[in-house]
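The structure appears below as structure tokens.
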Amino acid sequence: KIGKSTVHGITSALEEIGVLVRDPIHKKFSIGYTLLELRRKAYAKVELRDVARIPMEKLMEKIGETVFLGILNGDHVTILDMVESHNEMKITSPPGTRLPLIAGATGKVFLAQLEEKKAKEIVHKMGLVRYTSKSIADPKKLFKEVDEAKNKGYAIDDEEYMIGVKAIAAPIQTSSSPPAAIWVVGFTSSLNNHKMERVISEIQKTAKEISHSMMDHVR
């Protein structure tokens, strides 16, 4: 019940991006390779979750705080998996939850994985939101911390996204997009300076372990 001109426009658009392929002789359409690429990318997300699960569980047992795994999904962050802390009071959020891209430790880590020009375009387009009194509202200060995240291999959020909550994030290297990261979230009362040093060390080890497993799987 769709008009011929509309169908032609749709099929032409799909053909242009490789979703459909038209036989030059019989003029019939078949599935294009772009769908195979999309399938591979979707499978890679599931694969990342499977590879990361055990290291995440080990990390949670070592530090006693909730551990998250997520990817950059357009203009936001999507949580793929979570290992909940055993603490009675804890930070939790189910897989599938969307988080703002430009917020706290995760924002810095994901921006650090993008080309500088692209990262600045995103910040300029979306703007900086003040979630708390400690939120970073100055783009220059934000990108200074993004550069630090790029050099150090981790980023910290000290009540920038939620009052009374700290977070530490580290990037995960995969063979394909989208960028991925792992992060630990806990209350400021629990994540004191001494424990923060330990969490930083452990999360970097875990991120490297997951990254190596992902790369080894590709090879």
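Ordering of the structure tokens sets the chain letters (A, B, ...); residue numbers start at 1 within each chain; ligands are numbered from 1 in the order shown.
Every protein or nucleic acid residue with an atom no more than 10 Å from Asp138 in chain A, counting only C-alpha atoms and leaving out same-chain residues fewer than 5 positions away, appears here: Gly127, Leu128 and Phe143 of chain A.
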Could you name the residues that touch Val146 in chain A at 10 Å or less, counting only C-alpha atoms, but leaving out those on the same chain fewer than 4 positions away, as a PDB file with C-alpha atoms, in the first residue's frame?
```pdb
ATOM      1  CA  ALA A 105      34.442  10.075  34.483  1.00  0.00           C
ATOM      2  CA  GLY A 107      32.374  11.317  29.584  1.00  0.00           C
ATOM      3  CA  LYS A 108      36.068  12.140  29.890  1.00  0.00           C
ATOM      4  CA  VAL A 109      37.125   8.609  28.949  1.00  0.00           C
ATOM      5  CA  PHE A 110      34.834   8.389  25.925  1.00  0.00           C
ATOM      6  CA  LEU A 111      35.786  11.863  24.668  1.00  0.00           C
ATOM      7  CA  ALA A 112      39.443  10.855  25.069  1.00  0.00           C
ATOM      8  CA  GLN A 113      38.867   7.966  22.647  1.00  0.00           C
ATOM      9  CA  GLU A 116      40.009  15.902  19.213  1.00  0.00           C
ATOM     10  CA  ALA A 119      35.152  15.544  20.627  1.00  0.00           C
ATOM     11  CA  LYS A 140      38.927  24.307  28.491  1.00  0.00           C
ATOM     12  CA  LYS A 141      38.963  22.685  31.924  1.00  0.00           C
ATOM     13  CA  LEU A 142      37.023  19.698  30.597  1.00  0.00           C
ATOM     14  CA  LYS A 150      44.136  10.044  27.461  1.00  0.00           C
ATOM     15  CA  ASN A 151      47.638  10.152  28.971  1.00  0.00           C
ATOM     16  CA  LYS A 152      46.916   8.354  32.252  1.00  0.00           C
ATOM     17  CA  TYR A 154      41.709   6.621  33.423  1.00  0.00           C
ATOM     18  CA  ALA A 155      39.448   9.457  34.556  1.00  0.00           C
TER      19      ALA A 155
END
```
Using only C-alpha atoms, the best pick from A:Val21, A:Met196, A:Leu101, A:Val83 as closest to Ala52 in chain A would be A:Val83
*Could you please write out, as a PyMOL selection string, every residue of range 16-139 of chain A that DSSP assigns to helix (DSSP H, G or I)?*
chain A and resi 16+33-63+104-112+116-126+139
Using only C-alpha atoms, which protein or nucleic acid residues come within 6 Å of range 201-214 of chain A? Drop anything in the same chain fewer than 4 positions from it, and give the result as a PDB file with N, CA and C atoms, in the first residue's frame.
```pdb
ATOM      1  N   ALA A  52      33.972  -9.515  29.169  1.00  0.00           N
ATOM      2  CA  ALA A  52      34.227  -8.650  30.317  1.00  0.00           C
ATOM      3  C   ALA A  52      33.624  -9.150  31.622  1.00  0.00           C
ATOM      4  N   ILE A 172      38.390   0.701  27.238  1.00  0.00           N
ATOM      5  CA  ILE A 172      38.637  -0.666  26.787  1.00  0.00           C
ATOM      6  C   ILE A 172      38.916  -0.615  25.292  1.00  0.00           C
ATOM      7  N   GLN A 173      40.009  -1.227  24.895  1.00  0.00           N
ATOM      8  CA  GLN A 173      40.388  -1.236  23.484  1.00  0.00           C
ATOM      9  C   GLN A 173      39.773  -2.455  22.798  1.00  0.00           C
ATOM     10  N   THR A 174      39.031  -2.219  21.717  1.00  0.00           N
ATOM     11  CA  THR A 174      38.472  -3.307  20.931  1.00  0.00           C
ATOM     12  C   THR A 174      38.938  -3.151  19.487  1.00  0.00           C
TER      13      THR A 174
END
```
